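J.: Provided below: run_1.txt, containing compact mmCIF, C-alpha atoms and all ligand atoms.
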# COMPACT_ATOMS: atom_id res chain seq x y z
CA MET A 1 0.00 0.00 0.00
CA GLU A 2 3.05 2.22 0.27
CA GLY A 3 2.96 5.37 -1.82
CA SER A 4 -0.77 5.08 -2.35
CA ALA A 5 -3.02 8.01 -1.47
CA LEU A 6 -5.84 5.54 -0.99
CA ALA A 7 -5.62 1.77 -0.74
CA ALA A 8 -7.87 -1.15 0.04
CA ARG A 9 -7.09 -4.77 0.82
CA GLY A 10 -9.61 -7.58 0.71
CA LEU A 11 -12.48 -5.13 0.90
CA THR A 12 -15.75 -7.01 1.20
CA ARG A 13 -19.37 -6.07 1.81
CA ASP A 14 -22.30 -8.42 2.22
CA PHE A 15 -25.96 -7.45 2.09
CA ARG A 16 -27.93 -10.22 3.80
CA GLY A 17 -25.74 -12.93 2.38
CA PHE A 18 -25.28 -11.26 -1.02
CA ARG A 19 -21.65 -10.27 -1.59
CA ALA A 20 -21.78 -6.91 -3.41
CA VAL A 21 -18.04 -6.22 -3.01
CA ASP A 22 -15.84 -9.27 -2.88
CA GLY A 23 -12.23 -9.04 -1.75
CA VAL A 24 -11.28 -5.90 -3.63
CA ASP A 25 -7.67 -4.71 -3.61
CA LEU A 26 -7.20 -1.15 -4.78
CA ASP A 27 -4.16 1.13 -4.99
CA VAL A 28 -4.74 4.72 -5.98
CA ALA A 29 -1.42 6.47 -6.60
CA ALA A 30 -0.99 9.92 -5.07
CA GLY A 31 -1.73 12.66 -7.59
CA SER A 32 -3.43 10.32 -10.06
CA VAL A 33 -6.93 10.20 -11.48
CA HIS A 34 -8.24 6.68 -10.98
CA ALA A 35 -11.50 5.53 -12.54
CA LEU A 36 -13.77 2.78 -11.26
CA VAL A 37 -15.82 1.28 -14.06
CA GLY A 38 -17.92 -1.81 -14.62
CA PRO A 39 -21.34 -2.97 -15.75
CA ASN A 40 -24.47 -2.15 -13.78
CA GLY A 41 -24.52 -3.88 -10.43
CA ALA A 42 -20.75 -4.49 -10.46
CA GLY A 43 -20.38 -2.93 -7.01
CA LYS A 44 -18.98 0.50 -7.88
CA THR A 45 -21.34 2.50 -5.67
CA THR A 46 -20.95 0.06 -2.79
CA LEU A 47 -17.16 0.29 -3.08
CA PHE A 48 -17.41 4.07 -3.13
CA ASN A 49 -19.55 4.03 0.01
CA LEU A 50 -17.08 1.72 1.74
CA LEU A 51 -14.10 3.93 0.87
CA THR A 52 -15.79 7.05 2.25
CA GLY A 53 -17.12 5.46 5.43
CA PHE A 54 -20.79 5.58 4.44
CA LEU A 55 -20.90 1.80 4.67
CA ALA A 56 -18.91 -0.40 7.04
CA PRO A 57 -17.04 -3.26 5.38
CA THR A 58 -17.86 -6.86 6.24
CA ALA A 59 -14.13 -7.55 5.91
CA GLY A 60 -10.98 -5.86 4.69
CA ARG A 61 -8.97 -2.78 5.33
CA ILE A 62 -8.78 0.78 3.95
CA GLU A 63 -5.86 3.18 4.23
CA LEU A 64 -5.90 6.89 3.47
CA GLN A 65 -2.39 8.27 3.06
CA GLY A 66 -1.05 5.45 5.16
CA HIS A 67 -3.63 5.81 7.98
CA ASP A 68 -6.03 3.01 8.70
CA ILE A 69 -9.51 4.48 8.20
CA THR A 70 -11.44 1.20 8.21
CA GLY A 71 -14.77 1.68 9.95
CA LEU A 72 -14.35 5.42 10.54
CA ALA A 73 -17.44 7.63 10.17
CA PRO A 74 -17.67 9.80 7.02
CA GLU A 75 -16.99 13.05 8.97
CA ARG A 76 -13.76 11.60 10.33
CA VAL A 77 -12.73 10.42 6.88
CA ALA A 78 -13.50 13.89 5.49
CA ARG A 79 -11.41 15.56 8.18
CA LEU A 80 -8.52 13.27 7.31
CA GLY A 81 -8.57 14.66 3.78
CA MET A 82 -11.02 12.68 1.66
CA ALA A 83 -14.16 14.35 0.35
CA ARG A 84 -16.84 13.19 -2.03
CA SER A 85 -19.23 15.20 -4.11
CA PHE A 86 -22.89 14.88 -3.27
CA GLN A 87 -26.02 15.53 -5.16
CA ILE A 88 -26.87 18.26 -2.67
CA ALA A 89 -27.99 21.15 -4.80
CA SER A 90 -31.61 20.43 -3.98
CA LEU A 91 -30.95 20.69 -0.23
CA PHE A 92 -31.51 24.43 0.16
CA PRO A 93 -33.04 25.50 -3.16
CA GLN A 94 -33.81 29.04 -1.94
CA GLN A 95 -30.30 29.66 -0.62
CA THR A 96 -27.84 31.34 -2.92
CA VAL A 97 -25.08 29.48 -4.69
CA ARG A 98 -22.53 31.44 -2.67
CA ALA A 99 -24.21 30.61 0.65
CA HIS A 100 -23.89 26.90 -0.11
CA VAL A 101 -20.14 27.20 -0.50
CA GLU A 102 -19.81 29.51 2.53
CA LEU A 103 -21.60 26.96 4.66
CA ALA A 104 -19.35 24.20 3.36
CA LEU A 105 -16.27 26.27 4.16
CA GLN A 106 -17.56 26.92 7.65
CA GLY A 107 -18.39 23.26 8.15
CA ALA A 108 -14.77 22.44 7.36
CA THR A 109 -13.45 24.62 10.19
CA SER A 110 -13.42 23.98 13.91
CA LEU A 111 -16.46 26.24 14.14
CA GLY A 112 -18.41 23.35 12.73
CA TRP A 113 -21.99 24.00 11.78
CA ALA A 114 -23.04 25.55 15.10
CA PHE A 115 -22.90 29.18 14.00
CA TRP A 116 -24.45 28.78 10.62
CA ARG A 117 -26.91 31.60 11.28
CA SER A 118 -24.25 34.19 11.97
CA ASP A 119 -23.97 36.53 8.98
CA ARG A 120 -20.81 38.06 10.38
CA LEU A 121 -19.03 34.72 10.49
CA LEU A 122 -20.29 33.69 7.11
CA ARG A 123 -18.87 36.85 5.56
CA ARG A 124 -15.41 35.65 6.51
CA PHE A 125 -15.86 32.83 4.08
CA ARG A 126 -17.17 34.99 1.27
CA GLU A 127 -13.85 35.67 -0.36
CA ARG A 128 -12.80 32.04 -0.39
CA ALA A 129 -16.26 31.00 -1.58
CA ASP A 130 -16.04 33.39 -4.50
CA GLU A 131 -12.63 31.98 -5.40
CA LEU A 132 -14.04 28.48 -5.48
CA LEU A 133 -17.04 29.57 -7.52
CA GLU A 134 -14.71 31.24 -9.99
CA ARG A 135 -12.77 28.00 -10.19
CA VAL A 136 -15.81 25.96 -11.21
CA GLY A 137 -17.17 28.65 -13.54
CA LEU A 138 -20.03 29.77 -11.31
CA ALA A 139 -18.81 33.27 -10.37
CA GLU A 140 -21.63 34.94 -12.24
CA SER A 141 -24.26 32.77 -10.57
CA ALA A 142 -23.03 33.43 -7.00
CA GLY A 143 -26.11 35.43 -6.02
CA GLU A 144 -28.67 33.16 -7.65
CA ALA A 145 -30.79 30.64 -5.80
CA ALA A 146 -29.16 27.21 -6.03
CA GLY A 147 -32.52 25.73 -7.01
CA SER A 148 -32.63 27.85 -10.15
CA LEU A 149 -29.37 26.48 -11.59
CA ALA A 150 -29.48 24.23 -14.63
CA TYR A 151 -28.52 20.59 -14.00
CA GLY A 152 -24.91 20.82 -15.15
CA ARG A 153 -24.37 23.94 -13.09
CA LYS A 154 -25.73 22.22 -10.00
CA ARG A 155 -23.12 19.53 -10.39
CA ALA A 156 -20.46 22.24 -10.67
CA LEU A 157 -21.75 23.69 -7.39
CA GLU A 158 -21.45 20.26 -5.78
CA LEU A 159 -17.84 20.14 -6.90
CA ALA A 160 -17.19 23.58 -5.38
CA ILE A 161 -18.69 22.32 -2.11
CA ALA A 162 -16.47 19.24 -2.13
CA LEU A 163 -13.45 21.45 -2.86
CA ALA A 164 -14.30 23.65 0.14
CA LEU A 165 -12.82 20.92 2.32
CA ASP A 166 -9.60 21.22 0.30
CA PRO A 167 -9.39 17.44 0.14
CA LYS A 168 -6.22 15.59 -0.72
CA VAL A 169 -8.38 12.84 -2.16
CA LEU A 170 -11.54 13.75 -4.04
CA LEU A 171 -14.13 11.10 -4.90
CA LEU A 172 -16.58 11.85 -7.69
CA ASP A 173 -19.60 9.64 -8.22
CA GLU A 174 -20.63 9.71 -11.87
CA PRO A 175 -19.77 13.39 -12.37
CA THR A 176 -21.18 13.51 -15.91
CA ALA A 177 -24.31 11.41 -15.35
CA GLY A 178 -27.35 12.80 -17.12
CA MET A 179 -25.42 15.61 -18.80
CA GLY A 180 -25.60 16.84 -22.35
CA VAL A 181 -22.48 16.96 -24.50
CA GLU A 182 -21.65 20.57 -23.62
CA ASP A 183 -21.83 20.01 -19.86
CA VAL A 184 -19.79 16.81 -20.19
CA GLU A 185 -17.06 18.81 -21.93
CA ARG A 186 -17.11 21.49 -19.26
CA THR A 187 -17.02 18.90 -16.48
CA VAL A 188 -14.04 17.09 -18.02
CA GLU A 189 -12.17 20.39 -18.22
CA LEU A 190 -13.18 21.24 -14.68
CA ILE A 191 -11.95 17.94 -13.25
CA ALA A 192 -8.72 18.27 -15.22
CA ALA A 193 -8.28 21.72 -13.63
CA VAL A 194 -9.09 20.80 -10.03
CA ARG A 195 -7.01 17.59 -10.00
CA ASP A 196 -3.87 19.65 -9.62
CA GLY A 197 -2.18 18.61 -6.36
CA ARG A 198 -4.93 16.13 -5.56
CA THR A 199 -5.82 12.52 -6.05
CA VAL A 200 -9.15 11.92 -7.79
CA VAL A 201 -11.20 8.72 -7.78
CA LEU A 202 -14.20 8.67 -10.05
CA VAL A 203 -16.98 6.28 -10.85
CA GLU A 204 -17.83 6.98 -14.47
CA HIS A 205 -19.95 5.27 -17.11
CA ASN A 206 -18.86 7.47 -19.99
CA MET A 207 -15.78 5.73 -21.42
CA SER A 208 -14.63 8.72 -23.42
CA VAL A 209 -14.55 10.72 -20.17
CA VAL A 210 -12.59 7.91 -18.51
CA GLY A 211 -10.16 7.80 -21.43
CA ARG A 212 -9.48 11.50 -21.24
CA LEU A 213 -9.15 11.86 -17.48
CA ALA A 214 -7.99 8.63 -15.92
CA ASP A 215 -4.38 7.61 -15.42
CA ARG A 216 -5.51 4.19 -14.31
CA VAL A 217 -8.72 2.23 -14.46
CA THR A 218 -10.08 -0.50 -12.22
CA VAL A 219 -12.79 -2.61 -13.81
CA LEU A 220 -15.23 -4.29 -11.44
CA GLN A 221 -17.50 -7.18 -12.24
CA SER A 222 -19.73 -9.01 -9.77
CA GLY A 223 -17.98 -7.26 -6.88
CA ARG A 224 -14.48 -8.31 -7.96
CA VAL A 225 -11.62 -6.62 -9.75
CA LEU A 226 -11.71 -7.92 -13.31
CA ALA A 227 -8.85 -5.80 -14.64
CA GLU A 228 -6.66 -2.91 -13.57
CA GLY A 229 -4.23 -0.75 -15.50
CA PRO A 230 -3.86 2.19 -17.86
CA TYR A 231 -6.98 3.00 -19.91
CA ASP A 232 -5.69 1.76 -23.26
CA GLN A 233 -4.56 -1.54 -21.81
CA VAL A 234 -7.81 -2.11 -19.92
CA ARG A 235 -9.97 -1.15 -22.90
CA ALA A 236 -8.20 -3.70 -25.08
CA ASP A 237 -8.53 -6.45 -22.46
CA GLU A 238 -10.74 -9.21 -23.83
CA ARG A 239 -12.28 -9.98 -20.46
CA VAL A 240 -13.32 -6.35 -20.15
CA VAL A 241 -14.84 -6.24 -23.63
CA GLU A 242 -16.73 -9.42 -22.80
CA ALA A 243 -18.00 -8.05 -19.48
CA TYR A 244 -19.44 -5.05 -21.24
CA LEU A 245 -21.08 -6.96 -24.09
CA GLY A 246 -24.78 -7.32 -23.48
CA SER A 247 -24.62 -4.73 -20.75
CA VAL A 248 -26.61 -1.51 -21.15
CA ASP A 249 -23.34 0.28 -20.38
CA ALA A 250 -22.03 -0.81 -23.77
CA ALA A 251 -24.35 1.76 -25.30
CA HIS A 252 -22.80 4.65 -23.35
N1 LIG B 1 -28.34 -1.76 0.45
C1 LIG B 1 -28.33 -2.84 -0.34
N2 LIG B 1 -29.01 -3.95 0.00
C2 LIG B 1 -29.00 -5.05 -0.78
N3 LIG B 1 -28.33 -5.14 -1.94
C3 LIG B 1 -27.62 -4.08 -2.33
C4 LIG B 1 -27.59 -2.86 -1.56
N4 LIG B 1 -26.79 -1.98 -2.23
C5 LIG B 1 -26.37 -2.60 -3.34
N5 LIG B 1 -26.86 -3.86 -3.41
C6 LIG B 1 -26.59 -4.83 -4.48
O1 LIG B 1 -25.19 -4.93 -4.66
C7 LIG B 1 -24.87 -5.04 -6.04
C8 LIG B 1 -23.90 -3.93 -6.42
O2 LIG B 1 -24.60 -2.68 -6.41
P1 LIG B 1 -23.89 -1.29 -6.70
O3 LIG B 1 -24.94 -0.25 -6.62
O4 LIG B 1 -22.73 -1.15 -5.82
O5 LIG B 1 -23.42 -1.50 -8.19
P2 LIG B 1 -22.94 -0.40 -9.24
O6 LIG B 1 -21.76 -0.98 -9.91
O7 LIG B 1 -22.78 0.90 -8.57
O8 LIG B 1 -24.15 -0.35 -10.24
P3 LIG B 1 -24.71 0.87 -11.13
O9 LIG B 1 -23.73 1.07 -12.23
O10 LIG B 1 -26.01 0.34 -11.61
O11 LIG B 1 -24.84 2.06 -10.22
C9 LIG B 1 -26.18 -4.99 -6.80
O12 LIG B 1 -26.55 -6.30 -7.11
C10 LIG B 1 -27.13 -4.37 -5.82
O13 LIG B 1 -28.44 -4.85 -6.02
Translate the structure of the given file into structure tokens.

T.:
Amino acid sequence: MEGSALAARGLTRDFRGFRAVDGVDLDVAAGSVHALVGPNGAGKTTLFNLLTGFLAPTAGRIELQGHDITGLAPERVARLGMARSFQIASLFPQQTVRAHVELALQGATSLGWAFWRSDRLLRRFRERADELLERVGLAESAGEAAGSLAYGRKRALELAIALALDPKVLLLDEPTAGMGVEDVERTVELIAAVRDGRTVVLVEHNMSVVGRLADRVTVLQSGRVLAEGPYDQVRADERVVEAYLGSVDAAH
């Protein structure tokens, strides 16, 4: 596991006797973009939830930058430097885009969420929030209600919120899901821009996105690692081609 930003050994998760993730070993190199792919039901989301502490493993071990984080709660994992993007933009639809990021910034400090009503404290975070919004291309929407943003823009806001924690390891769950071509392009550029100095793990169905962003790819099938390696190598792997044949993912 040495040198890995994030690593798993023998990671396993059962749901009432059904093994959704089955002895997965994973090594995500520091500073890399690592994609998790696989047909529907392969266990990608379950693996993601295990890595971020949202699910406890049935067996196995997870290390974040050399620290054992197995079984830690998501808040602890986040404080140790791993954040994930959420589909949160519908949480406070009336609140402004900027307020969402300010709250996230405040949540990341020792102040916690206790003073979320204090305008004075929130103002402290305004400058940093505006920087992050600029970064994800939302500067001009800062004063708009989050609920009024178009779909692709909401996902950009979610990314800004995840970045508020300044994570060393950023996990993105299907960042381009449901997007039109233009938003996919923007998202790819955005991820390429924010990866600088970070490690990114993404679950992604869109293979052209994977090909453009990922340094390495882990292919899951039936909860197990089917193949692992650079994109070109994995894409040419016969077992991988076979796993995708007959899957709805093949159409993506
Ligand atoms: N809470 C749960 N209880 C029971 N079974 C579950 C639960 N969560 C997932 N599973 C099962 O585990 C398997 C893996 O699911 P998972 O959602 O991790 O796959 P996935 O690769 O993310 O699929 P998709 O691409 O469709 O999102 C599936 O067969 C699913 O039905």

J.: I need every residue sitting at most 6 Å from the point (-8.1, -5.7, -14.1) (coordinates as in the file, all atoms listed in the file considered), written as a list in words.

T.: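 Final list of nearby residues, as requested, is Thr218, Val219, Val225, Leu226, Ala227 and Glu228 of chain A.
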
J.: Could you list, as a list in words, every residue within 7 Å of segment 36-40 of chain A, counting only C-alpha atoms and ignoring same-chain residues fewer than 5 positions away?

T.: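 Near neighbours after the sequence-gap exclusion: Leu202, Val203, Glu204, His205, Val217, Thr218, Val219, Leu220, Gln221, Tyr244, Ser247 and Asp249 of chain A.
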
J.: When the cut-off is 6 Å and you count all atoms listed in the file, which residues lie near ligand LIG 1 (chain B), shown as a VMD selection string?

T.: chain A and resid 15 20 39 to 46

J.: When you count all atoms listed in the file, which of these residues is closest to Val101 of chain A: A:Ala56, A:Asn49, A:Asp68, A:Ala160?

T.: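 That would be A:Ala160, the residue with the smallest distance to Val101 of chain A.
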
J.: Distance cut-off 7 Å, centre (-14.5, -6.9, -6.9) in file coordinates, counting all atoms listed in the file: which residues qualify? Return them as an MDAnalysis selection string.

T.: chainID A and resid 21:24 220:225

J.: One decimal, in Å: what's the spacing between atom CA of Leu138 of chain A and atom CA of Ala214 of chain A?

T.: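 Computing it gives 24.8 Å between the two atoms.
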
J.: Rounded to one decimal, what separation in Å do you get between atom CA of Leu133 of chain A and atom CA of Val169 of chain A?

T.: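 These two atoms are separated by 19.6 Å.
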
J.: Quick one, how far is atom CA of Leu6 of chain A from atom CA of Leu64 of chain A?

T.: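 Calculated distance between atom CA of Leu6 of chain A and atom CA of Leu64 of chain A is 4.7 Å.
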
J.: Neighbouring residues of Gly3 of chain A were defined as those with any atom within 8 Å, considering only C-alpha atoms; residues of the same chain fewer than 6 positions away were excluded. Please report them as a PyMOL selection string.

T.: chain A and resi 29-30+65

J.: Here is a test: counting only C-alpha atoms, which residue of A:Arg155, A:Arg120, A:Arg76, A:Arg9 is nearest to Glu174 of chain A?

T.: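 Distance minimum relative to Glu174 of chain A lands on A:Arg155.
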
J.: Of the residues A:Asp196, A:Leu132, A:Gly229, A:Thr176, which is the one nearest to Ser208 of chain A, using all atoms listed in the file?

T.: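 Distance minimum relative to Ser208 of chain A lands on A:Thr176.
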
J.: Given the choices A:Arg216, A:Tyr151, A:Asp130, A:Arg235, which gets closest to Glu182 of chain A if the distance is worked out from all atoms listed in the file?

T.: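 Checking each candidate against Glu182 of chain A, we get A:Tyr151 as the closest.
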